[in-house]
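Reproduced below: structure.csv, with CSV, C-alpha atoms and all ligand atoms.
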```csv
chain,number,residue,atom,x,y,z
A,1,MET,CA,92.8,120.5,114.3
A,2,ALA,CA,95.8,120.0,112.0
A,3,HIS,CA,95.3,121.6,108.6
A,4,LEU,CA,96.9,120.0,105.4
A,5,VAL,CA,96.7,121.1,101.8
A,6,LEU,CA,96.5,118.5,99.1
A,7,LEU,CA,97.6,119.6,95.6
A,8,GLY,CA,96.5,117.3,92.7
A,9,THR,CA,98.7,117.5,89.6
A,10,GLY,CA,97.6,114.4,87.6
A,11,GLY,CA,99.7,111.3,87.1
A,12,THR,CA,98.6,107.6,87.2
A,13,ILE,CA,97.1,108.1,90.6
A,14,ALA,CA,94.5,110.2,89.0
A,15,THR,CA,94.0,108.2,85.7
A,16,ARG,CA,91.3,105.9,84.4
A,17,ALA,CA,91.4,103.6,81.4
A,18,THR,CA,90.2,105.1,78.1
A,19,GLY,CA,90.2,103.8,74.6
A,20,GLU,CA,93.3,106.0,73.9
A,21,GLY,CA,95.2,104.7,77.0
A,22,ARG,CA,95.2,105.9,80.6
A,23,ALA,CA,94.0,109.5,81.0
A,24,VAL,CA,93.9,111.9,84.0
A,25,GLN,CA,90.2,112.1,85.1
A,26,VAL,CA,90.3,112.2,88.9
A,27,GLY,CA,90.5,115.4,90.9
A,28,ALA,CA,92.1,116.0,94.3
A,29,ALA,CA,88.8,115.8,96.2
A,30,GLU,CA,88.0,112.3,94.8
A,31,LEU,CA,91.6,111.1,95.5
A,32,LEU,CA,91.1,112.3,99.1
A,33,ARG,CA,87.9,110.3,99.5
A,34,ALA,CA,89.6,107.2,98.3
A,35,ALA,CA,92.6,107.8,100.7
A,36,ASP,CA,90.1,108.3,103.6
A,37,ALA,CA,88.6,104.9,102.9
A,38,VAL,CA,92.1,103.3,103.6
A,39,TRP,CA,93.0,105.3,106.7
A,40,PRO,CA,90.5,107.7,108.3
A,41,ARG,CA,92.3,110.8,109.7
A,42,PRO,CA,90.5,112.1,112.8
A,43,GLY,CA,91.8,115.5,113.9
A,44,VAL,CA,93.2,116.4,110.5
A,45,ARG,CA,91.5,118.7,108.0
A,46,VAL,CA,92.6,118.4,104.4
A,47,GLU,CA,91.9,121.0,101.8
A,48,PRO,CA,92.1,119.6,98.2
A,49,HIS,CA,93.1,121.7,95.2
A,50,ASP,CA,93.6,120.8,91.6
A,51,VAL,CA,96.8,122.5,90.3
A,52,ALA,CA,97.2,120.6,87.0
A,53,GLY,CA,95.7,117.5,85.3
A,54,ARG,CA,98.5,115.9,83.2
A,55,ALA,CA,100.8,113.0,83.1
A,56,SER,CA,104.1,114.0,84.6
A,57,PHE,CA,106.1,113.1,81.5
A,58,ALA,CA,104.4,116.1,79.9
A,59,ALA,CA,105.4,118.6,82.6
A,60,ARG,CA,108.0,121.3,82.0
A,61,PRO,CA,110.2,123.1,84.5
A,62,THR,CA,108.0,126.2,84.3
A,63,ASP,CA,105.1,124.0,85.4
A,64,VAL,CA,107.1,122.7,88.4
A,65,LEU,CA,108.1,126.3,89.3
A,66,ASP,CA,104.4,127.3,89.2
A,67,LEU,CA,103.7,124.3,91.5
A,68,ALA,CA,106.5,125.5,93.8
A,69,GLY,CA,104.7,128.9,94.0
A,70,ARG,CA,101.5,127.1,95.0
A,71,ILE,CA,103.3,125.1,97.6
A,72,ALA,CA,104.9,128.3,99.0
A,73,SER,CA,101.4,129.8,99.4
A,74,ALA,CA,100.1,126.6,101.0
A,75,VAL,CA,102.9,126.3,103.6
A,76,ALA,CA,102.1,129.8,104.8
A,77,VAL,CA,98.6,128.6,106.0
A,78,ALA,CA,99.0,124.8,106.5
A,79,GLU,CA,100.9,122.5,108.8
A,80,GLY,CA,101.7,120.2,105.9
A,81,VAL,CA,101.4,120.0,102.1
A,82,VAL,CA,100.9,116.8,100.1
A,83,VAL,CA,101.4,116.7,96.3
A,84,ALA,CA,99.8,113.9,94.2
A,85,HIS,CA,102.1,113.6,91.1
A,86,GLY,CA,103.0,111.3,88.3
A,87,THR,CA,105.8,109.0,89.0
A,88,ASP,CA,107.8,109.5,85.7
A,89,THR,CA,109.3,112.8,86.8
A,90,LEU,CA,108.3,112.8,90.5
A,91,GLU,CA,112.0,112.6,91.6
A,92,GLU,CA,112.8,115.7,89.5
A,93,SER,CA,109.7,117.8,90.4
A,94,ALA,CA,110.1,117.1,94.1
A,95,PHE,CA,113.9,117.9,93.9
A,96,LEU,CA,113.3,121.2,92.1
A,97,VAL,CA,110.6,122.1,94.6
A,98,SER,CA,113.1,121.3,97.4
A,99,LEU,CA,115.5,123.8,96.0
A,100,THR,CA,112.9,126.5,96.5
A,101,HIS,CA,111.6,125.4,99.9
A,102,SER,CA,112.8,126.9,103.1
A,103,SER,CA,110.0,126.3,105.6
A,104,PRO,CA,109.8,123.7,108.4
A,105,VAL,CA,106.3,122.8,107.0
A,106,PRO,CA,106.7,119.4,105.4
A,107,VAL,CA,106.0,118.9,101.7
A,108,VAL,CA,105.3,115.2,100.8
A,109,PHE,CA,105.1,114.0,97.2
A,110,THR,CA,103.3,110.8,96.3
A,111,GLY,CA,101.8,109.0,93.3
A,112,ALA,CA,100.8,105.5,92.1
A,113,GLN,CA,101.9,102.8,89.8
A,114,ARG,CA,98.4,101.6,89.2
A,115,PRO,CA,95.5,103.8,87.9
A,116,PHE,CA,92.6,105.0,90.1
A,117,ASP,CA,90.2,102.5,88.5
A,118,ASP,CA,92.5,99.5,88.9
A,119,PRO,CA,90.9,96.6,90.9
A,120,ALA,CA,93.7,96.8,93.4
A,121,PRO,CA,95.0,100.4,93.2
A,122,ASP,CA,98.1,101.6,95.2
A,123,GLY,CA,97.3,105.3,95.0
A,124,PRO,CA,94.8,105.6,97.9
A,125,ARG,CA,97.1,103.9,100.3
A,126,ASN,CA,100.1,105.9,99.1
A,127,LEU,CA,98.1,109.1,99.5
A,128,ALA,CA,96.8,108.1,102.9
A,129,ALA,CA,100.4,107.4,104.1
A,130,ALA,CA,101.6,110.8,102.7
A,131,LEU,CA,98.8,112.6,104.6
A,132,ARG,CA,99.6,110.7,107.8
A,133,TRP,CA,103.3,111.5,107.5
A,134,ALA,CA,102.6,115.2,106.7
A,135,ALA,CA,100.3,115.5,109.7
A,136,SER,CA,102.8,113.8,112.1
A,137,PRO,CA,105.2,115.8,114.3
A,138,GLN,CA,108.0,113.6,112.9
A,139,SER,CA,107.8,115.1,109.5
A,140,ARG,CA,108.3,118.7,110.6
A,141,GLY,CA,111.6,120.1,109.4
A,142,THR,CA,112.2,117.3,106.9
A,143,GLY,CA,111.8,119.5,103.9
A,144,VAL,CA,110.5,117.6,100.9
A,145,THR,CA,110.1,113.9,101.2
A,146,LEU,CA,108.5,111.1,99.1
A,147,ALA,CA,105.8,108.7,100.4
A,148,PHE,CA,105.6,105.5,98.4
A,149,ALA,CA,104.7,101.9,99.2
A,150,ASP,CA,104.6,102.6,103.0
A,151,GLN,CA,108.1,104.1,102.9
A,152,ILE,CA,109.2,107.7,103.4
A,153,LEU,CA,112.2,108.6,101.3
A,154,PRO,CA,114.5,111.7,101.3
A,155,VAL,CA,114.2,113.7,98.1
A,156,VAL,CA,117.9,114.1,97.6
A,157,GLY,CA,119.1,110.8,96.0
A,158,ALA,CA,115.6,109.5,95.3
A,159,ARG,CA,115.1,107.6,92.1
A,160,LYS,CA,112.4,105.7,90.3
A,161,THR,CA,113.9,102.2,90.3
A,162,HIS,CA,111.1,100.0,89.0
A,163,THR,CA,108.9,100.6,85.9
A,164,LEU,CA,105.9,98.7,87.2
A,165,ALA,CA,106.3,97.3,90.7
A,166,LEU,CA,104.4,99.0,93.6
A,167,ARG,CA,107.7,99.7,95.4
A,168,ALA,CA,108.7,102.0,92.6
A,169,PHE,CA,111.1,104.4,94.4
A,170,ALA,CA,114.3,104.1,96.4
A,171,ALA,CA,117.0,106.4,97.7
A,172,PRO,CA,119.9,103.9,97.3
A,173,GLY,CA,122.4,104.3,100.2
A,174,ARG,CA,120.2,106.9,101.9
A,175,GLY,CA,116.7,105.8,102.7
A,176,PRO,CA,114.1,105.0,103.7
A,177,VAL,CA,113.9,107.7,106.4
A,178,GLY,CA,110.4,106.8,107.7
A,179,GLN,CA,107.7,104.1,107.5
A,180,VAL,CA,103.9,104.5,107.6
A,181,ASP,CA,101.8,101.4,108.0
A,182,GLU,CA,99.4,99.6,110.3
A,183,ALA,CA,101.9,100.0,113.1
A,184,GLY,CA,101.9,103.8,112.9
A,185,VAL,CA,104.2,106.6,111.7
A,186,ARG,CA,107.9,106.1,112.4
A,187,ALA,CA,110.9,108.3,111.7
A,188,LEU,CA,113.8,105.9,110.9
A,189,ALA,CA,116.5,108.5,110.3
A,190,THR,CA,117.1,112.2,110.6
A,191,VAL,CA,116.5,114.0,107.3
A,192,ARG,CA,118.9,116.7,106.3
A,193,PRO,CA,116.7,119.0,104.2
A,194,ALA,CA,118.1,120.4,101.0
A,195,PRO,CA,119.1,124.0,101.4
A,196,PRO,CA,117.1,126.3,99.1
A,197,LEU,CA,119.1,127.6,96.0
A,198,LEU,CA,116.6,129.2,93.8
A,199,ALA,CA,115.4,132.7,94.4
A,200,PRO,CA,111.6,133.1,94.6
A,201,GLY,CA,110.0,134.3,91.4
A,202,VAL,CA,112.3,132.6,88.9
A,203,ARG,CA,110.1,131.5,86.1
A,204,ASP,CA,112.3,129.2,84.0
A,205,LEU,CA,115.7,127.6,84.2
A,206,PRO,CA,118.8,127.9,82.0
A,207,ARG,CA,119.5,125.2,79.5
A,208,VAL,CA,121.5,122.3,80.9
A,209,GLU,CA,121.8,119.0,79.0
A,210,ILE,CA,122.7,115.5,80.0
A,211,VAL,CA,125.2,113.6,77.9
A,212,GLY,CA,125.3,109.9,78.4
A,213,GLN,CA,128.3,107.6,78.1
A,214,TYR,CA,128.2,104.3,76.2
A,215,LEU,CA,130.7,102.0,74.6
A,216,GLY,CA,132.6,104.1,72.0
A,217,ALA,CA,130.7,107.4,72.7
A,218,ASP,CA,132.4,110.3,70.8
A,219,ALA,CA,132.3,114.1,71.2
A,220,ALA,CA,129.3,114.7,68.9
A,221,ALA,CA,126.7,115.0,71.7
A,222,PHE,CA,128.9,117.7,73.5
A,223,THR,CA,129.4,119.6,70.2
A,224,ASP,CA,125.6,119.4,69.5
A,225,ALA,CA,124.9,120.7,73.0
A,226,ARG,CA,127.3,123.6,72.5
A,227,SER,CA,125.5,124.5,69.2
A,228,ARG,CA,122.2,124.7,71.2
A,229,GLY,CA,123.7,127.2,73.6
A,230,VAL,CA,123.8,125.2,76.7
A,231,ARG,CA,124.9,126.9,79.9
A,232,GLY,CA,126.1,123.7,81.4
A,233,VAL,CA,126.5,119.9,80.8
A,234,VAL,CA,125.9,116.9,83.1
A,235,VAL,CA,127.7,113.8,82.1
A,236,ALA,CA,126.0,110.4,82.9
A,237,ALA,CA,129.4,108.8,83.1
A,238,PHE,CA,130.6,105.2,83.2
A,239,GLY,CA,131.1,103.5,86.6
A,240,SER,CA,132.7,105.8,89.2
A,241,GLY,CA,132.8,108.8,86.9
A,242,ASN,CA,134.7,107.9,83.7
A,243,THR,CA,134.3,109.0,80.1
A,244,THR,CA,135.7,107.8,76.8
A,245,PRO,CA,138.9,109.6,75.6
A,246,GLU,CA,136.9,111.7,73.1
A,247,ALA,CA,134.3,112.7,75.7
A,248,THR,CA,137.0,113.5,78.2
A,249,ARG,CA,138.7,115.9,75.7
A,250,ALA,CA,135.3,117.4,74.9
A,251,CYS,CA,134.6,118.0,78.6
A,252,LEU,CA,138.1,119.6,79.0
A,253,ARG,CA,137.3,121.9,76.1
A,254,LEU,CA,134.0,122.9,77.7
A,255,LEU,CA,135.6,123.7,81.0
A,256,SER,CA,138.4,125.7,79.4
A,257,ASP,CA,135.6,127.7,77.6
A,258,GLY,CA,133.9,128.4,80.9
A,259,VAL,CA,131.0,125.9,80.5
A,260,PRO,CA,130.5,124.0,83.7
A,261,VAL,CA,130.6,120.2,83.6
A,262,VAL,CA,129.0,118.1,86.4
A,263,VAL,CA,129.9,114.4,86.6
A,264,THR,CA,127.3,111.7,87.7
A,265,SER,CA,127.1,108.0,87.0
A,266,ARG,CA,124.9,105.9,84.8
A,267,VAL,CA,125.1,103.1,87.4
A,268,GLY,CA,122.3,104.0,89.7
A,269,GLU,CA,123.9,103.6,93.1
A,270,GLY,CA,127.1,105.0,94.7
A,271,PRO,CA,129.2,108.1,94.4
A,272,VAL,CA,131.4,109.3,91.6
A,273,VAL,CA,135.1,110.2,92.2
A,274,GLY,CA,138.0,111.0,89.9
A,275,LEU,CA,140.1,107.9,90.0
A,276,TYR,CA,141.3,107.0,86.5
A,277,ALA,CA,143.9,108.6,84.3
A,278,GLY,CA,142.3,109.5,81.0
A,279,GLY,CA,138.8,109.4,82.5
A,280,GLY,CA,137.5,110.7,85.9
A,281,ALA,CA,140.9,111.8,87.2
A,282,ASP,CA,141.4,114.2,84.2
A,283,LEU,CA,137.9,115.6,84.6
A,284,ALA,CA,138.4,116.2,88.3
A,285,ALA,CA,141.8,117.9,87.7
A,286,ALA,CA,140.2,120.2,85.1
A,287,GLY,CA,137.5,121.4,87.5
A,288,ALA,CA,134.5,119.3,86.7
A,289,VAL,CA,132.1,119.0,89.7
A,290,PHE,CA,131.7,115.4,91.0
A,291,ALA,CA,128.1,115.2,92.2
A,292,GLY,CA,128.3,112.3,94.6
A,293,ASP,CA,125.5,109.8,94.2
A,294,LEU,CA,123.1,112.4,92.7
A,295,SER,CA,121.3,111.0,89.6
A,296,PRO,CA,122.0,112.8,86.3
A,297,TRP,CA,118.4,114.2,86.4
A,298,GLN,CA,118.7,115.7,89.9
A,299,ALA,CA,122.3,117.0,89.1
A,300,ARG,CA,120.9,118.7,86.0
A,301,LEU,CA,118.4,120.6,88.1
A,302,LEU,CA,121.0,121.5,90.7
A,303,LEU,CA,123.3,122.9,88.1
A,304,ALA,CA,120.5,124.8,86.4
A,305,CYS,CA,119.4,126.4,89.7
A,306,VAL,CA,123.0,127.4,90.5
A,307,LEU,CA,123.4,128.8,86.9
A,308,ALA,CA,120.1,130.8,87.4
A,309,GLY,CA,121.8,132.7,90.2
A,310,THR,CA,125.3,133.1,88.7
A,311,THR,CA,126.9,135.4,86.1
A,312,PRO,CA,127.4,133.5,82.8
A,313,GLY,CA,131.0,132.4,82.5
A,314,ASP,CA,131.9,132.5,86.2
A,315,LEU,CA,132.9,128.9,86.4
A,316,ASP,CA,134.5,129.2,89.9
A,317,ALA,CA,131.3,130.6,91.4
A,318,VAL,CA,129.2,127.8,89.8
A,319,ARG,CA,131.6,125.2,91.0
A,320,ASP,CA,131.8,126.6,94.6
A,321,ARG,CA,128.0,126.9,94.9
A,322,CYS,CA,127.4,123.4,93.6
A,323,LEU,CA,130.0,122.0,96.0
A,324,ASP,CA,128.7,124.0,98.9
A,325,TRP,CA,125.2,122.5,98.3
A,326,LEU,CA,126.5,119.0,97.8
A,327,ARG,CA,128.5,119.2,101.1
A,328,GLU,CA,125.6,120.8,103.0
A,329,THR,CA,123.4,117.9,102.0
A,330,GLY,CA,126.1,115.3,102.8
A,331,THR,CA,126.1,114.3,99.1
A,332,VAL,CA,129.8,114.8,98.9
A,333,SER,CA,132.2,114.9,101.8
A,334,SER,CA,134.0,118.0,103.0
A,335,PRO,CA,137.7,118.0,102.3
A,336,ASP,CA,139.2,115.3,104.5
A,337,PRO,CA,142.7,115.9,105.9
A,338,THR,CA,143.2,112.2,106.6
A,339,SER,CA,142.6,111.0,103.0
A,340,PRO,CA,145.7,110.3,100.9
A,341,PRO,CA,146.6,113.1,98.5
A,342,ARG,CA,145.7,112.3,94.9
A,343,LYS,CA,148.3,112.8,92.2
A,344,ASP,CA,147.6,115.8,90.0
A,345,PRO,CA,147.4,114.3,86.5
A,346,THR,CA,148.2,117.7,84.9
A,347,ARG,CA,151.8,117.6,86.3
A,401,LIG,N1,104.0,106.8,84.8
A,401,LIG,C1,102.8,107.5,85.1
A,401,LIG,C2,102.7,107.8,86.6
A,401,LIG,O1,103.1,106.9,87.3
A,401,LIG,C3,102.6,108.7,84.3
A,401,LIG,C4,103.1,110.0,84.9
A,401,LIG,O2,104.2,110.1,85.3
A,401,LIG,O3,102.3,110.9,85.0
A,401,LIG,O4,102.0,108.6,87.1
```

Give the structure from this file in structure tokens form.
Amino acid sequence: MAHLVLLGTGGTIATRATGEGRAVQVGAAELLRAADAVWPRPGVRVEPHDVAGRASFAARPTDVLDLAGRIASAVAVAEGVVVAHGTDTLEESAFLVSLTHSSPVPVVFTGAQRPFDDPAPDGPRNLAAALRWAASPQSRGTGVTLAFADQILPVVGARKTHTLALRAFAAPGRGPVGQVDEAGVRALATVRPAPPLLAPGVRDLPRVEIVGQYLGADAAAFTDARSRGVRGVVVAAFGSGNTTPEATRACLRLLSDGVPVVVTSRVGEGPVVGLYAGGGADLAAAGAVFAGDLSPWQARLLLACVLAGTTPGDLDAVRDRCLDWLRETGTVSSPDPTSPPRKDPTR
């Protein structure tokens, strides 16, 4: 009989209405009973455990690293692990866990948009689908995935894309990679699992901040970040990876001082690339890492995990390790001998 572990961490899936607003009140065993009422699971034994009982907007990286430790213990004894999680930071927690996960045993994150006591809750069906995917042979070797609204999404590139709708997550340009519904469990694409980056036992992450771009953004946010002792900065840039002239100069100063800069986009879909003089082309020429279509939030965790294993100030090592990971996951392409050479704007 297949053996799965279910880890409850809180989130809307486990909330009921109270006078103060929604509050986590439902444990993993009760979640499991509700999921079983949607789809019974003959031949699968599920062991429920409560790991935490909070909304995910209150979770810290240390909490997620603790969760990663619980998952590592569970994969040693189970054929699959399912995590019931709040949706607000689900894409970050699942991504950080994926950077610690090296087993073929699948780890599936799920949650809900509606509370447990809603007259038409989505949590039981999402959890039932996550359990079916985790128990299926198709999920073996897929690393960490998300199960939401009948879809299975890859963790790399996953984003919360709707505040309230039941289909709350997408992996634009990448997913879904599977489907679970009345017609069964189907793998739709091969998942390339994220290679692990973080050594076991790391208890916290170095400080990395995200600086957003907006009309007329100046250098103040970069200066403030420096004054807080950041080890790295992720820019949520305009469009395909551009920054205001002041922000571009601030990034160049950071890089020349040995502080890594990772470029992402505030757009929500599509890769970044250094195309424009005075913007992205200058950042690329100065050695900023362009993180493909990774969200600013996932790029922040990638950079923090790389920094956790690198000597402070070794900018080349940070850049190389980020790029290796981005290439291995197909997030950025490997150097392409057929693409036209780009002019070096420093010459
Ligand atoms: N947005 C809520 C949820 O969907 C709160 C949280 O993230 O815990 O679970």

Sorted per-residue table, chain A near ligand LIG 401 (chain A), closest atoms and distance, 7 Å, only C-alpha atoms and all ligand atoms, as a tab-separated table:
```
residue	atom	partner	partner_atom	distance
A:Gly10	CA	A:LIG401	O3	6.4
A:Gly11	CA	A:LIG401	O3	3.4
A:Thr12	CA	A:LIG401	O4	3.5
A:Ile13	CA	A:LIG401	O4	6.0
A:Arg54	CA	A:LIG401	O3	6.5
A:Ala55	CA	A:LIG401	O3	3.2
A:Ser56	CA	A:LIG401	O3	3.6
A:Phe57	CA	A:LIG401	O2	5.2
A:His85	CA	A:LIG401	O4	6.4
A:Gly86	CA	A:LIG401	O4	3.1
A:Thr87	CA	A:LIG401	O1	3.8
A:Asp88	CA	A:LIG401	O2	3.7
A:Thr89	CA	A:LIG401	O2	6.0
A:Gly111	CA	A:LIG401	O4	6.2
A:Ala112	CA	A:LIG401	O1	5.5
A:Gln113	CA	A:LIG401	O1	4.9
```

Saved selection, atoms kept: C-alpha atoms, as a PDB file, keeping the file's coordinate frame:
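Everything below was put into out13.pdb:
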```
ATOM      1  CA  GLY A  10      97.600 114.400  87.600  1.00  0.00           C
ATOM      2  CA  GLY A  11      99.700 111.300  87.100  1.00  0.00           C
ATOM      3  CA  THR A  12      98.600 107.600  87.200  1.00  0.00           C
ATOM      4  CA  ILE A  13      97.100 108.100  90.600  1.00  0.00           C
ATOM      5  CA  ARG A  54      98.500 115.900  83.200  1.00  0.00           C
ATOM      6  CA  ALA A  55     100.800 113.000  83.100  1.00  0.00           C
ATOM      7  CA  SER A  56     104.100 114.000  84.600  1.00  0.00           C
ATOM      8  CA  PHE A  57     106.100 113.100  81.500  1.00  0.00           C
ATOM      9  CA  HIS A  85     102.100 113.600  91.100  1.00  0.00           C
ATOM     10  CA  GLY A  86     103.000 111.300  88.300  1.00  0.00           C
ATOM     11  CA  THR A  87     105.800 109.000  89.000  1.00  0.00           C
ATOM     12  CA  ASP A  88     107.800 109.500  85.700  1.00  0.00           C
ATOM     13  CA  THR A  89     109.300 112.800  86.800  1.00  0.00           C
ATOM     14  CA  GLY A 111     101.800 109.000  93.300  1.00  0.00           C
ATOM     15  CA  ALA A 112     100.800 105.500  92.100  1.00  0.00           C
ATOM     16  CA  GLN A 113     101.900 102.800  89.800  1.00  0.00           C
TER      17      GLN A 113
END
```

ask   = Which one of A:Leu294, A:Ala277, A:Leu255, A:Val235 sits closest to A:Ala171 if you count all atoms listed in the file?
value = A:Leu294

Per residue of stretch 185-262 of chain A within 7 Å of stretch 306-315 of chain A, which atom pair is closest and at what distance in Å (one decimal), using all atoms listed in the file, listed by chain and increasing number, as a Markdown table?
```
| residue | atom | partner | partner_atom | distance |
| --- | --- | --- | --- | --- |
| A:Leu197 | CA | A:Val306 | CA | 6.7 |
| A:Leu205 | CA | A:Ala308 | CA | 6.3 |
| A:Pro206 | CA | A:Ala308 | CA | 6.3 |
| A:Gly258 | CA | A:Gly313 | CA | 5.2 |
| A:Val259 | CA | A:Gly313 | CA | 6.8 |
| A:Pro260 | CA | A:Leu315 | CA | 6.1 |
```

query = Taking all atoms listed in the file into account, which of A:Phe169, A:Gly279, A:Gly270, A:Ser256 comes nearest A:Gln213?
reply = A:Gly279

message = as JSON, numbers by chain, please: the residues near A:Leu301 (cut-off 10 Å, all atoms listed in the file, same-chain neighbours under 5 positions excluded).
response = {"A": [61, 92, 93, 95, 96, 99, 205, 206, 207, 208, 209, 234, 296, 306, 307]}

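Close contacts of A:Gly274, defined as residues with an atom at most 6 Å away when counting all atoms listed in the file, with chain neighbours fewer than 3 positions off set aside, comprise Gly280, Ala281 and Ala284 of chain A.
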
Any idea what's packed within 10 Å of A:Val38, counting all atoms listed in the file, ignoring anything in its chain fewer than 6 positions away? Could you give it as a short mmCIF file (atom, residue, chain, number, x, y, z; two decimals) with C-alpha atoms, keeping the file's coordinate frame?
```cif
data_model
loop_
_atom_site.label_atom_id
_atom_site.label_comp_id
_atom_site.auth_asym_id
_atom_site.auth_seq_id
_atom_site.Cartn_x
_atom_site.Cartn_y
_atom_site.Cartn_z
CA PRO A 124 94.80 105.60 97.90
CA ARG A 125 97.10 103.90 100.30
CA ASN A 126 100.10 105.90 99.10
CA LEU A 127 98.10 109.10 99.50
CA ALA A 128 96.80 108.10 102.90
CA ALA A 129 100.40 107.40 104.10
#
```

Can I get the residues of stretch 132-169 of chain A within 10 Å of stretch 63-81 of chain A, each with the closest pair of atoms and their distance in Å to one decimal, using only C-alpha atoms, sorted chain first then ascending number, as a tab-separated table?
```
residue	atom	partner	partner_atom	distance
A:Arg132	CA	A:Gly80	CA	9.9
A:Trp133	CA	A:Gly80	CA	9.0
A:Ala134	CA	A:Gly80	CA	5.1
A:Ala135	CA	A:Gly80	CA	6.2
A:Ser136	CA	A:Gly80	CA	9.0
A:Pro137	CA	A:Glu79	CA	9.7
A:Ser139	CA	A:Gly80	CA	8.7
A:Arg140	CA	A:Gly80	CA	8.2
A:Val144	CA	A:Val81	CA	9.5
```
